[in-house]
>>> print(open('model-v4.cif').read())   # mmCIF, N, CA, C and O atoms
data_final
loop_
_atom_site.label_atom_id
_atom_site.label_comp_id
_atom_site.auth_asym_id
_atom_site.auth_seq_id
_atom_site.Cartn_x
_atom_site.Cartn_y
_atom_site.Cartn_z
N MET A 2 33.69 -14.94 11.63
CA MET A 2 34.43 -15.45 10.50
C MET A 2 35.72 -14.63 10.40
O MET A 2 35.70 -13.43 10.59
N ARG A 3 36.79 -15.32 10.11
CA ARG A 3 38.09 -14.66 10.01
C ARG A 3 38.76 -15.07 8.70
O ARG A 3 38.74 -16.23 8.32
N THR A 4 39.37 -14.11 8.03
CA THR A 4 40.11 -14.38 6.82
C THR A 4 41.55 -13.91 7.01
O THR A 4 41.79 -12.77 7.38
N ASP A 5 42.47 -14.83 6.78
CA ASP A 5 43.89 -14.51 6.83
C ASP A 5 44.42 -14.51 5.41
O ASP A 5 44.11 -15.40 4.61
N ILE A 6 45.22 -13.51 5.09
CA ILE A 6 45.82 -13.41 3.75
C ILE A 6 47.33 -13.54 3.91
O ILE A 6 47.95 -12.83 4.70
N VAL A 7 47.89 -14.48 3.16
CA VAL A 7 49.32 -14.78 3.24
C VAL A 7 49.92 -14.65 1.85
O VAL A 7 49.34 -15.10 0.86
N LEU A 8 51.10 -14.05 1.78
CA LEU A 8 51.82 -13.95 0.53
C LEU A 8 52.72 -15.16 0.39
O LEU A 8 53.59 -15.41 1.22
N ASP A 9 52.49 -15.95 -0.67
CA ASP A 9 53.35 -17.09 -0.99
C ASP A 9 54.38 -16.59 -1.98
O ASP A 9 54.13 -16.51 -3.18
N ARG A 10 55.56 -16.26 -1.48
CA ARG A 10 56.59 -15.65 -2.32
C ARG A 10 57.12 -16.61 -3.38
O ARG A 10 57.45 -16.18 -4.49
N SER A 11 57.18 -17.90 -3.07
CA SER A 11 57.71 -18.85 -4.04
C SER A 11 56.80 -18.98 -5.26
O SER A 11 57.27 -19.15 -6.37
N GLU A 12 55.48 -18.92 -5.04
CA GLU A 12 54.51 -19.03 -6.14
C GLU A 12 54.05 -17.67 -6.64
O GLU A 12 53.30 -17.59 -7.60
N ARG A 13 54.47 -16.61 -5.91
CA ARG A 13 54.05 -15.24 -6.23
C ARG A 13 52.53 -15.13 -6.26
O ARG A 13 51.93 -14.64 -7.22
N LYS A 14 51.89 -15.63 -5.18
CA LYS A 14 50.44 -15.62 -5.07
C LYS A 14 50.02 -15.13 -3.69
O LYS A 14 50.75 -15.30 -2.72
N LEU A 15 48.85 -14.57 -3.62
CA LEU A 15 48.19 -14.29 -2.35
C LEU A 15 47.26 -15.45 -2.04
O LEU A 15 46.49 -15.88 -2.91
N VAL A 16 47.33 -15.95 -0.84
CA VAL A 16 46.48 -17.07 -0.43
C VAL A 16 45.56 -16.57 0.69
O VAL A 16 46.04 -16.10 1.72
N ALA A 17 44.26 -16.66 0.47
CA ALA A 17 43.29 -16.26 1.48
C ALA A 17 42.72 -17.51 2.13
O ALA A 17 42.27 -18.43 1.46
N SER A 18 42.76 -17.52 3.45
CA SER A 18 42.25 -18.66 4.22
C SER A 18 41.16 -18.13 5.16
O SER A 18 41.43 -17.26 5.99
N THR A 19 39.95 -18.65 5.01
CA THR A 19 38.82 -18.20 5.82
C THR A 19 38.39 -19.31 6.75
O THR A 19 38.28 -20.45 6.34
N TRP A 20 38.13 -18.96 8.01
CA TRP A 20 37.67 -19.96 8.97
C TRP A 20 36.66 -19.33 9.92
O TRP A 20 36.60 -18.12 10.07
N GLN A 21 35.88 -20.20 10.54
CA GLN A 21 34.84 -19.78 11.47
C GLN A 21 34.59 -20.92 12.45
O GLN A 21 34.60 -22.09 12.07
N ASP A 22 34.35 -20.57 13.70
CA ASP A 22 33.97 -21.57 14.69
C ASP A 22 32.48 -21.87 14.47
O ASP A 22 31.62 -21.08 14.82
N VAL A 23 32.20 -23.02 13.87
CA VAL A 23 30.83 -23.37 13.51
C VAL A 23 30.17 -24.27 14.56
O VAL A 23 28.98 -24.56 14.45
N GLU A 24 30.92 -24.69 15.55
CA GLU A 24 30.39 -25.61 16.55
C GLU A 24 29.11 -25.10 17.23
O GLU A 24 28.13 -25.84 17.33
N PRO A 25 29.05 -23.83 17.68
CA PRO A 25 27.81 -23.35 18.30
C PRO A 25 26.62 -23.34 17.33
O PRO A 25 25.49 -23.64 17.72
N ILE A 26 26.88 -23.05 16.08
CA ILE A 26 25.80 -23.03 15.08
C ILE A 26 25.27 -24.43 14.85
O ILE A 26 24.05 -24.66 14.81
N LEU A 27 26.17 -25.40 14.72
CA LEU A 27 25.75 -26.78 14.49
C LEU A 27 25.03 -27.35 15.71
O LEU A 27 24.06 -28.10 15.57
N ALA A 28 25.48 -26.98 16.89
CA ALA A 28 24.80 -27.44 18.12
C ALA A 28 23.39 -26.86 18.19
O ALA A 28 22.44 -27.56 18.57
N ARG A 29 23.24 -25.60 17.81
CA ARG A 29 21.90 -24.98 17.80
C ARG A 29 21.01 -25.64 16.76
O ARG A 29 19.84 -25.89 17.01
N ASN A 30 21.58 -25.95 15.58
CA ASN A 30 20.80 -26.65 14.55
C ASN A 30 20.28 -27.97 15.09
O ASN A 30 19.11 -28.33 14.89
N HIS A 31 21.14 -28.71 15.78
CA HIS A 31 20.73 -30.00 16.35
C HIS A 31 19.61 -29.81 17.37
O HIS A 31 18.62 -30.55 17.35
N ALA A 32 19.74 -28.81 18.23
CA ALA A 32 18.71 -28.55 19.24
C ALA A 32 17.38 -28.17 18.57
O ALA A 32 16.32 -28.63 18.99
N LEU A 33 17.44 -27.36 17.52
CA LEU A 33 16.22 -26.94 16.83
C LEU A 33 15.55 -28.11 16.11
O LEU A 33 14.33 -28.16 15.99
N ARG A 34 16.35 -29.06 15.59
CA ARG A 34 15.78 -30.24 14.94
C ARG A 34 14.97 -31.06 15.93
O ARG A 34 14.02 -31.74 15.55
N CYS A 35 15.33 -31.01 17.19
CA CYS A 35 14.62 -31.78 18.22
C CYS A 35 13.34 -31.09 18.69
O CYS A 35 12.52 -31.71 19.37
N GLU A 36 13.18 -29.82 18.35
CA GLU A 36 11.99 -29.06 18.73
C GLU A 36 10.89 -29.24 17.68
O GLU A 36 11.16 -29.14 16.49
N PRO A 37 9.65 -29.46 18.11
CA PRO A 37 8.57 -29.55 17.13
C PRO A 37 8.27 -28.17 16.54
O PRO A 37 8.31 -27.17 17.25
N GLN A 38 8.02 -28.13 15.25
CA GLN A 38 7.60 -26.88 14.61
C GLN A 38 6.11 -26.98 14.38
O GLN A 38 5.62 -27.91 13.78
N ARG A 39 5.40 -26.01 14.89
CA ARG A 39 3.94 -26.07 14.93
C ARG A 39 3.26 -25.66 13.63
O ARG A 39 2.08 -25.89 13.45
N SER A 40 3.99 -25.03 12.73
CA SER A 40 3.37 -24.50 11.54
C SER A 40 4.35 -24.52 10.37
O SER A 40 5.56 -24.52 10.58
N ASP A 41 3.83 -24.52 9.17
CA ASP A 41 4.68 -24.38 8.00
C ASP A 41 4.98 -22.92 7.70
O ASP A 41 5.93 -22.60 7.01
N TRP A 42 4.16 -22.02 8.24
CA TRP A 42 4.36 -20.61 8.01
C TRP A 42 5.56 -20.11 8.81
O TRP A 42 5.66 -20.35 10.01
N GLY A 43 6.50 -19.47 8.16
CA GLY A 43 7.66 -18.93 8.85
C GLY A 43 8.58 -20.00 9.41
O GLY A 43 9.32 -19.75 10.36
N ARG A 44 8.54 -21.16 8.83
CA ARG A 44 9.33 -22.29 9.31
C ARG A 44 10.82 -22.00 9.17
O ARG A 44 11.29 -21.54 8.14
N HIS A 45 11.56 -22.28 10.23
CA HIS A 45 13.02 -22.14 10.22
C HIS A 45 13.59 -23.38 9.54
O HIS A 45 13.47 -24.48 10.06
N VAL A 46 14.22 -23.21 8.41
CA VAL A 46 14.69 -24.34 7.61
C VAL A 46 16.13 -24.70 7.93
O VAL A 46 16.47 -25.87 8.02
N ALA A 47 16.99 -23.70 8.10
CA ALA A 47 18.41 -23.99 8.32
C ALA A 47 19.12 -22.76 8.85
O ALA A 47 18.68 -21.64 8.65
N THR A 48 20.23 -23.01 9.53
CA THR A 48 21.18 -21.97 9.86
C THR A 48 22.49 -22.39 9.23
O THR A 48 23.02 -23.45 9.55
N ILE A 49 22.98 -21.57 8.32
CA ILE A 49 24.17 -21.92 7.55
C ILE A 49 25.30 -20.98 7.96
O ILE A 49 25.17 -19.77 7.84
N PRO A 50 26.40 -21.54 8.43
CA PRO A 50 27.55 -20.69 8.78
C PRO A 50 28.04 -19.91 7.55
O PRO A 50 28.00 -20.39 6.42
N ASN A 51 28.50 -18.70 7.79
CA ASN A 51 28.98 -17.85 6.70
C ASN A 51 30.10 -18.50 5.91
O ASN A 51 30.17 -18.35 4.68
N VAL A 52 30.97 -19.23 6.58
CA VAL A 52 32.08 -19.87 5.88
C VAL A 52 31.59 -20.90 4.87
O VAL A 52 32.20 -21.09 3.81
N ILE A 53 30.47 -21.53 5.15
CA ILE A 53 29.88 -22.49 4.20
C ILE A 53 29.27 -21.74 3.01
O ILE A 53 29.42 -22.16 1.85
N LEU A 54 28.60 -20.62 3.27
CA LEU A 54 28.05 -19.82 2.17
C LEU A 54 29.16 -19.35 1.23
O LEU A 54 29.01 -19.41 0.01
N VAL A 55 30.28 -18.92 1.80
CA VAL A 55 31.42 -18.50 0.98
C VAL A 55 31.97 -19.67 0.18
O VAL A 55 32.30 -19.54 -0.99
N ARG A 56 32.02 -20.84 0.81
CA ARG A 56 32.50 -22.04 0.11
C ARG A 56 31.61 -22.35 -1.09
O ARG A 56 32.11 -22.62 -2.19
N TRP A 57 30.29 -22.33 -0.89
CA TRP A 57 29.37 -22.62 -1.98
C TRP A 57 29.51 -21.59 -3.10
O TRP A 57 29.47 -21.93 -4.28
N LEU A 58 29.69 -20.34 -2.74
CA LEU A 58 29.87 -19.28 -3.73
C LEU A 58 31.17 -19.52 -4.52
O LEU A 58 31.18 -19.43 -5.74
N ASN A 59 32.25 -19.87 -3.82
CA ASN A 59 33.52 -20.14 -4.49
C ASN A 59 33.42 -21.36 -5.40
O ASN A 59 34.02 -21.38 -6.49
N GLU A 60 32.67 -22.38 -4.99
CA GLU A 60 32.48 -23.55 -5.84
C GLU A 60 31.75 -23.18 -7.13
O GLU A 60 32.09 -23.69 -8.21
N GLU A 61 30.77 -22.30 -7.03
CA GLU A 61 30.06 -21.85 -8.24
C GLU A 61 31.00 -21.09 -9.16
O GLU A 61 30.99 -21.27 -10.37
N TYR A 62 31.81 -20.22 -8.58
CA TYR A 62 32.79 -19.49 -9.38
C TYR A 62 33.74 -20.46 -10.08
O TYR A 62 34.07 -20.28 -11.24
N ALA A 63 34.20 -21.48 -9.37
CA ALA A 63 35.12 -22.47 -9.94
C ALA A 63 34.47 -23.23 -11.09
O ALA A 63 35.17 -23.66 -12.02
N ARG A 64 33.14 -23.40 -11.04
CA ARG A 64 32.42 -24.07 -12.13
C ARG A 64 32.25 -23.15 -13.34
O ARG A 64 31.72 -23.57 -14.36
N GLY A 65 32.59 -21.90 -13.17
CA GLY A 65 32.46 -20.95 -14.28
C GLY A 65 31.28 -20.02 -14.15
O GLY A 65 31.09 -19.14 -14.99
N ASN A 66 30.47 -20.19 -13.13
CA ASN A 66 29.32 -19.31 -12.92
C ASN A 66 29.76 -18.09 -12.12
O ASN A 66 29.51 -17.98 -10.93
N THR A 67 30.43 -17.15 -12.81
CA THR A 67 30.95 -15.97 -12.13
C THR A 67 29.92 -14.86 -12.00
O THR A 67 30.22 -13.81 -11.44
N GLN A 68 28.72 -15.09 -12.50
CA GLN A 68 27.66 -14.08 -12.41
C GLN A 68 26.84 -14.19 -11.13
O GLN A 68 26.14 -13.26 -10.75
N VAL A 69 26.92 -15.35 -10.45
CA VAL A 69 26.13 -15.55 -9.24
C VAL A 69 26.64 -14.61 -8.14
O VAL A 69 27.83 -14.38 -8.01
N ARG A 70 25.70 -14.04 -7.41
CA ARG A 70 26.02 -13.14 -6.31
C ARG A 70 25.30 -13.64 -5.07
O ARG A 70 24.17 -14.12 -5.13
N ILE A 71 25.96 -13.50 -3.94
CA ILE A 71 25.38 -13.94 -2.67
C ILE A 71 24.12 -13.12 -2.37
O ILE A 71 24.04 -11.94 -2.72
N PHE A 72 23.13 -13.78 -1.79
CA PHE A 72 21.86 -13.18 -1.38
C PHE A 72 21.02 -12.70 -2.57
O PHE A 72 20.28 -11.72 -2.46
N THR A 73 21.12 -13.37 -3.70
CA THR A 73 20.25 -13.12 -4.84
C THR A 73 19.33 -14.32 -5.01
O THR A 73 19.53 -15.36 -4.37
N LYS A 74 18.34 -14.19 -5.87
CA LYS A 74 17.42 -15.30 -6.10
C LYS A 74 18.18 -16.53 -6.62
O LYS A 74 17.91 -17.65 -6.19
N GLU A 75 19.14 -16.32 -7.50
CA GLU A 75 19.93 -17.43 -8.04
C GLU A 75 20.71 -18.13 -6.92
O GLU A 75 20.78 -19.36 -6.88
N PHE A 76 21.28 -17.36 -6.01
CA PHE A 76 22.02 -17.96 -4.90
C PHE A 76 21.07 -18.68 -3.95
O PHE A 76 21.40 -19.74 -3.43
N ASP A 77 19.88 -18.11 -3.72
CA ASP A 77 18.88 -18.79 -2.90
C ASP A 77 18.52 -20.16 -3.46
O ASP A 77 18.34 -21.12 -2.71
N GLU A 78 18.41 -20.24 -4.78
CA GLU A 78 18.12 -21.53 -5.42
C GLU A 78 19.27 -22.51 -5.23
O GLU A 78 19.05 -23.70 -5.00
N LEU A 79 20.49 -22.01 -5.32
CA LEU A 79 21.66 -22.85 -5.07
C LEU A 79 21.65 -23.38 -3.64
O LEU A 79 21.87 -24.56 -3.41
N VAL A 80 21.37 -22.51 -2.68
CA VAL A 80 21.31 -22.91 -1.27
C VAL A 80 20.22 -23.95 -1.06
O VAL A 80 20.44 -24.96 -0.38
N ALA A 81 19.06 -23.74 -1.66
CA ALA A 81 17.96 -24.70 -1.52
C ALA A 81 18.37 -26.07 -2.05
O ALA A 81 18.07 -27.11 -1.43
N SER A 82 19.06 -26.09 -3.18
CA SER A 82 19.48 -27.39 -3.74
C SER A 82 20.55 -28.04 -2.86
O SER A 82 20.55 -29.25 -2.67
N LYS A 83 21.45 -27.25 -2.30
CA LYS A 83 22.47 -27.80 -1.39
C LYS A 83 21.81 -28.39 -0.15
O LYS A 83 22.22 -29.44 0.34
N LEU A 84 20.79 -27.73 0.37
CA LEU A 84 20.12 -28.21 1.58
C LEU A 84 19.32 -29.48 1.34
O LEU A 84 19.00 -30.20 2.29
N GLU A 85 19.02 -29.80 0.11
CA GLU A 85 18.35 -31.06 -0.23
C GLU A 85 19.36 -32.21 -0.29
O GLU A 85 18.97 -33.37 -0.25
N ASP A 86 20.63 -31.89 -0.41
CA ASP A 86 21.69 -32.90 -0.48
C ASP A 86 21.92 -33.50 0.91
O ASP A 86 22.11 -32.77 1.88
N PRO A 87 21.91 -34.83 1.04
CA PRO A 87 22.13 -35.47 2.34
C PRO A 87 23.46 -35.10 3.00
O PRO A 87 23.58 -35.13 4.22
N ASP A 88 24.45 -34.71 2.19
CA ASP A 88 25.75 -34.31 2.76
C ASP A 88 25.64 -33.05 3.62
O ASP A 88 26.48 -32.83 4.48
N TRP A 89 24.64 -32.24 3.37
CA TRP A 89 24.47 -30.99 4.11
C TRP A 89 23.28 -31.04 5.07
O TRP A 89 22.86 -30.01 5.60
N ALA A 90 22.76 -32.21 5.35
CA ALA A 90 21.57 -32.35 6.19
C ALA A 90 21.76 -31.77 7.59
O ALA A 90 20.79 -31.30 8.21
N TYR A 91 22.97 -31.77 8.10
CA TYR A 91 23.21 -31.27 9.45
C TYR A 91 22.99 -29.76 9.58
O TYR A 91 22.91 -29.24 10.68
N LEU A 92 22.87 -29.07 8.45
CA LEU A 92 22.58 -27.64 8.50
C LEU A 92 21.09 -27.36 8.66
O LEU A 92 20.70 -26.29 9.10
N ARG A 93 20.28 -28.36 8.34
CA ARG A 93 18.82 -28.18 8.40
C ARG A 93 18.31 -28.22 9.82
O ARG A 93 18.85 -28.92 10.68
N THR A 94 17.24 -27.49 10.05
CA THR A 94 16.61 -27.48 11.37
C THR A 94 15.18 -28.00 11.30
O THR A 94 14.53 -28.14 12.33
N ASP A 95 14.70 -28.29 10.10
CA ASP A 95 13.30 -28.67 9.95
C ASP A 95 13.08 -30.15 9.68
O ASP A 95 11.96 -30.58 9.50
N LYS A 96 14.11 -30.95 9.60
CA LYS A 96 13.93 -32.38 9.28
C LYS A 96 14.65 -33.22 10.29
O LYS A 96 15.63 -32.90 10.85
#
>>> encode(input="model-v4.cif", output="structure tokens")
Amino acid sequence: MRTDIVLDRSERKLVASTWQDVEPILARNHALRCEPQRSDWGRHVATIPNVILVRWLNEEYARGNTQVRIFTKEFDELVASKLEDPDWAYLRTDK
């Protein structure tokens, strides 16, 4: 993951742009979806690129939930709800 910070002199703002090559992660997710999982115990549910986790965290902050912290129980619940959304199905490895 890479973050570039640029000074926008006309707006007098710092602009942070984060990007990550997610292609290998998504390809692995696809391959894992094709593999049978033999047990529910220790089931691999998803591999989520870090840039997506940051996006979800920023969306929560934009909604006013500035108390949420990454890798907490509250954030885990947010991730679980996002993974139930069909728009994010490609991140799942178990369905």
>>> residues_around(input="model-v4.cif", residues="A:Trp20", least_positions_apart="6", cutoff="6 Å", atoms="only N, CA, C and O atoms", output="PyMOL selection string")
chain A and resi 2-4
>>> write_last_selection(input="model-v4.cif", atoms="N, CA, C and O atoms", output="PDB file, in the coordinates of the input")
ATOM      1  N   MET A   2      33.690 -14.940  11.630  1.00  0.00           N
ATOM      2  CA  MET A   2      34.430 -15.450  10.500  1.00  0.00           C
ATOM      3  C   MET A   2      35.720 -14.630  10.400  1.00  0.00           C
ATOM      4  O   MET A   2      35.700 -13.430  10.590  1.00  0.00           O
ATOM      5  N   ARG A   3      36.790 -15.320  10.110  1.00  0.00           N
ATOM      6  CA  ARG A   3      38.090 -14.660  10.010  1.00  0.00           C
ATOM      7  C   ARG A   3      38.760 -15.070   8.700  1.00  0.00           C
ATOM      8  O   ARG A   3      38.740 -16.230   8.320  1.00  0.00           O
ATOM      9  N   THR A   4      39.370 -14.110   8.030  1.00  0.00           N
ATOM     10  CA  THR A   4      40.110 -14.380   6.820  1.00  0.00           C
ATOM     11  C   THR A   4      41.550 -13.910   7.010  1.00  0.00           C
ATOM     12  O   THR A   4      41.790 -12.770   7.380  1.00  0.00           O
TER      13      THR A   4
END
>>> residues_around(input="model-v4.cif", residues="stretch 52-56 of chain A", least_positions_apart="2", cutoff="10 Å", atoms="only C-alpha atoms", output="PyMOL selection string")
chain A and resi 2-4+19-23+49-50+58-62+71-72+76+80+92
>>> atom_distance(input="model-v4.cif", atom1="atom O of A:Lys96", atom2="atom O of A:Cys35")
9.1 Å
>>> resolve_selection(input="model-v4.cif", expression="the PyMOL selection byres (((chain A and resi 48 and name CA) around 10) and name CA)", output="compact mmCIF listing (two decimals) with N, CA, C and O atoms, in the frame of the given file")
# COMPACT_ATOMS: atom_id res chain seq x y z
N ILE A 26 26.88 -23.05 16.08
CA ILE A 26 25.80 -23.03 15.08
C ILE A 26 25.27 -24.43 14.85
O ILE A 26 24.05 -24.66 14.81
N LEU A 27 26.17 -25.40 14.72
CA LEU A 27 25.75 -26.78 14.49
C LEU A 27 25.03 -27.35 15.71
O LEU A 27 24.06 -28.10 15.57
N ARG A 29 23.24 -25.60 17.81
CA ARG A 29 21.90 -24.98 17.80
C ARG A 29 21.01 -25.64 16.76
O ARG A 29 19.84 -25.89 17.01
N ASN A 30 21.58 -25.95 15.58
CA ASN A 30 20.80 -26.65 14.55
C ASN A 30 20.28 -27.97 15.09
O ASN A 30 19.11 -28.33 14.89
N LEU A 33 17.44 -27.36 17.52
CA LEU A 33 16.22 -26.94 16.83
C LEU A 33 15.55 -28.11 16.11
O LEU A 33 14.33 -28.16 15.99
N HIS A 45 11.56 -22.28 10.23
CA HIS A 45 13.02 -22.14 10.22
C HIS A 45 13.59 -23.38 9.54
O HIS A 45 13.47 -24.48 10.06
N VAL A 46 14.22 -23.21 8.41
CA VAL A 46 14.69 -24.34 7.61
C VAL A 46 16.13 -24.70 7.93
O VAL A 46 16.47 -25.87 8.02
N ALA A 47 16.99 -23.70 8.10
CA ALA A 47 18.41 -23.99 8.32
C ALA A 47 19.12 -22.76 8.85
O ALA A 47 18.68 -21.64 8.65
N ILE A 49 22.98 -21.57 8.32
CA ILE A 49 24.17 -21.92 7.55
C ILE A 49 25.30 -20.98 7.96
O ILE A 49 25.17 -19.77 7.84
N PRO A 50 26.40 -21.54 8.43
CA PRO A 50 27.55 -20.69 8.78
C PRO A 50 28.04 -19.91 7.55
O PRO A 50 28.00 -20.39 6.42
N ASN A 51 28.50 -18.70 7.79
CA ASN A 51 28.98 -17.85 6.70
C ASN A 51 30.10 -18.50 5.91
O ASN A 51 30.17 -18.35 4.68
N TYR A 91 22.97 -31.77 8.10
CA TYR A 91 23.21 -31.27 9.45
C TYR A 91 22.99 -29.76 9.58
O TYR A 91 22.91 -29.24 10.68
N LEU A 92 22.87 -29.07 8.45
CA LEU A 92 22.58 -27.64 8.50
C LEU A 92 21.09 -27.36 8.66
O LEU A 92 20.70 -26.29 9.10
N ARG A 93 20.28 -28.36 8.34
CA ARG A 93 18.82 -28.18 8.40
C ARG A 93 18.31 -28.22 9.82
O ARG A 93 18.85 -28.92 10.68
N THR A 94 17.24 -27.49 10.05
CA THR A 94 16.61 -27.48 11.37
C THR A 94 15.18 -28.00 11.30
O THR A 94 14.53 -28.14 12.33
>>> axis_aligned_box(input="model-v4.cif", around="stretch 77-91 of chain A", padding_each_side="3 Å", output="JSON")
{"center_x": 22.2, "center_y": -26.8, "center_z": 2.6, "size_x": 14.5, "size_y": 23.4, "size_z": 22.1}
>>> select_by_dssp(input="model-v4.cif", residues="stretch 4-86 of chain A", states="helix (DSSP H, G or I)", output="PyMOL selection string")
chain A and resi 24-35+51-63+74-85
>>> select_by_dssp(input="model-v4.cif", residues="chain A", states="strand (DSSP E or B)", output="JSON, numbers by chain")
{"A": [3, 4, 5, 6, 7, 8, 9, 14, 15, 16, 17, 18, 19, 20, 47, 93]}
>>> atom_distance(input="model-v4.cif", atom1="atom O of A:Asp95", atom2="atom CA of A:Arg44")
8.7 Å
>>> closest_residue(input="model-v4.cif", among="A:Val69, A:Trp89, A:Asp5, A:Trp57", to="A:Ala17", atoms="all atoms listed in the file")
A:Asp5
>>> atom_distance(input="model-v4.cif", atom1="atom CA of A:Ile6", atom2="atom CA of A:Ser18")
6.4 Å
>>> decode(input="model-v4.cif", residues="stretch 69-84 of chain A", atoms="N, CA, C and O atoms", output="compact mmCIF listing (two decimals), in the first residue's frame")
# COMPACT_ATOMS: atom_id res chain seq x y z
N VAL A 69 -14.74 4.73 15.99
CA VAL A 69 -14.37 3.40 15.50
C VAL A 69 -12.87 3.36 15.23
O VAL A 69 -12.28 4.32 14.76
N ARG A 70 -12.26 2.25 15.61
CA ARG A 70 -10.83 2.04 15.40
C ARG A 70 -10.65 0.72 14.66
O ARG A 70 -11.37 -0.25 14.90
N ILE A 71 -9.68 0.69 13.78
CA ILE A 71 -9.41 -0.51 13.00
C ILE A 71 -8.97 -1.64 13.94
O ILE A 71 -8.32 -1.38 14.96
N PHE A 72 -9.38 -2.85 13.62
CA PHE A 72 -9.05 -4.07 14.35
C PHE A 72 -9.64 -4.10 15.76
O PHE A 72 -9.06 -4.67 16.68
N THR A 73 -10.80 -3.49 15.95
CA THR A 73 -11.55 -3.59 17.20
C THR A 73 -12.80 -4.42 16.93
O THR A 73 -13.13 -4.70 15.77
N LYS A 74 -13.50 -4.78 17.97
CA LYS A 74 -14.73 -5.56 17.81
C LYS A 74 -15.74 -4.79 16.96
O LYS A 74 -16.39 -5.37 16.09
N GLU A 75 -15.85 -3.49 17.18
CA GLU A 75 -16.78 -2.66 16.41
C GLU A 75 -16.41 -2.67 14.92
O GLU A 75 -17.28 -2.78 14.05
N PHE A 76 -15.12 -2.59 14.62
CA PHE A 76 -14.69 -2.62 13.23
C PHE A 76 -14.91 -4.00 12.62
O PHE A 76 -15.29 -4.11 11.46
N ASP A 77 -14.69 -5.06 13.41
CA ASP A 77 -14.97 -6.41 12.93
C ASP A 77 -16.43 -6.57 12.53
O ASP A 77 -16.74 -7.22 11.53
N GLU A 78 -17.32 -5.97 13.31
CA GLU A 78 -18.75 -6.03 12.98
C GLU A 78 -19.04 -5.27 11.69
O GLU A 78 -19.85 -5.71 10.87
N LEU A 79 -18.38 -4.14 11.51
CA LEU A 79 -18.53 -3.37 10.27
C LEU A 79 -18.06 -4.20 9.08
O LEU A 79 -18.74 -4.27 8.05
N VAL A 80 -16.91 -4.84 9.21
CA VAL A 80 -16.37 -5.68 8.13
C VAL A 80 -17.32 -6.83 7.82
O VAL A 80 -17.60 -7.12 6.66
N ALA A 81 -17.85 -7.47 8.85
CA ALA A 81 -18.79 -8.57 8.64
C ALA A 81 -20.02 -8.11 7.87
O ALA A 81 -20.49 -8.80 6.95
N SER A 82 -20.53 -6.93 8.21
CA SER A 82 -21.71 -6.43 7.49
C SER A 82 -21.36 -6.06 6.05
O SER A 82 -22.15 -6.30 5.14
N LYS A 83 -20.18 -5.51 5.83
CA LYS A 83 -19.76 -5.19 4.45
C LYS A 83 -19.63 -6.47 3.62
O LYS A 83 -20.00 -6.50 2.45
N LEU A 84 -19.11 -7.53 4.22
CA LEU A 84 -18.92 -8.78 3.49
C LEU A 84 -20.23 -9.47 3.16
O LEU A 84 -20.28 -10.33 2.28
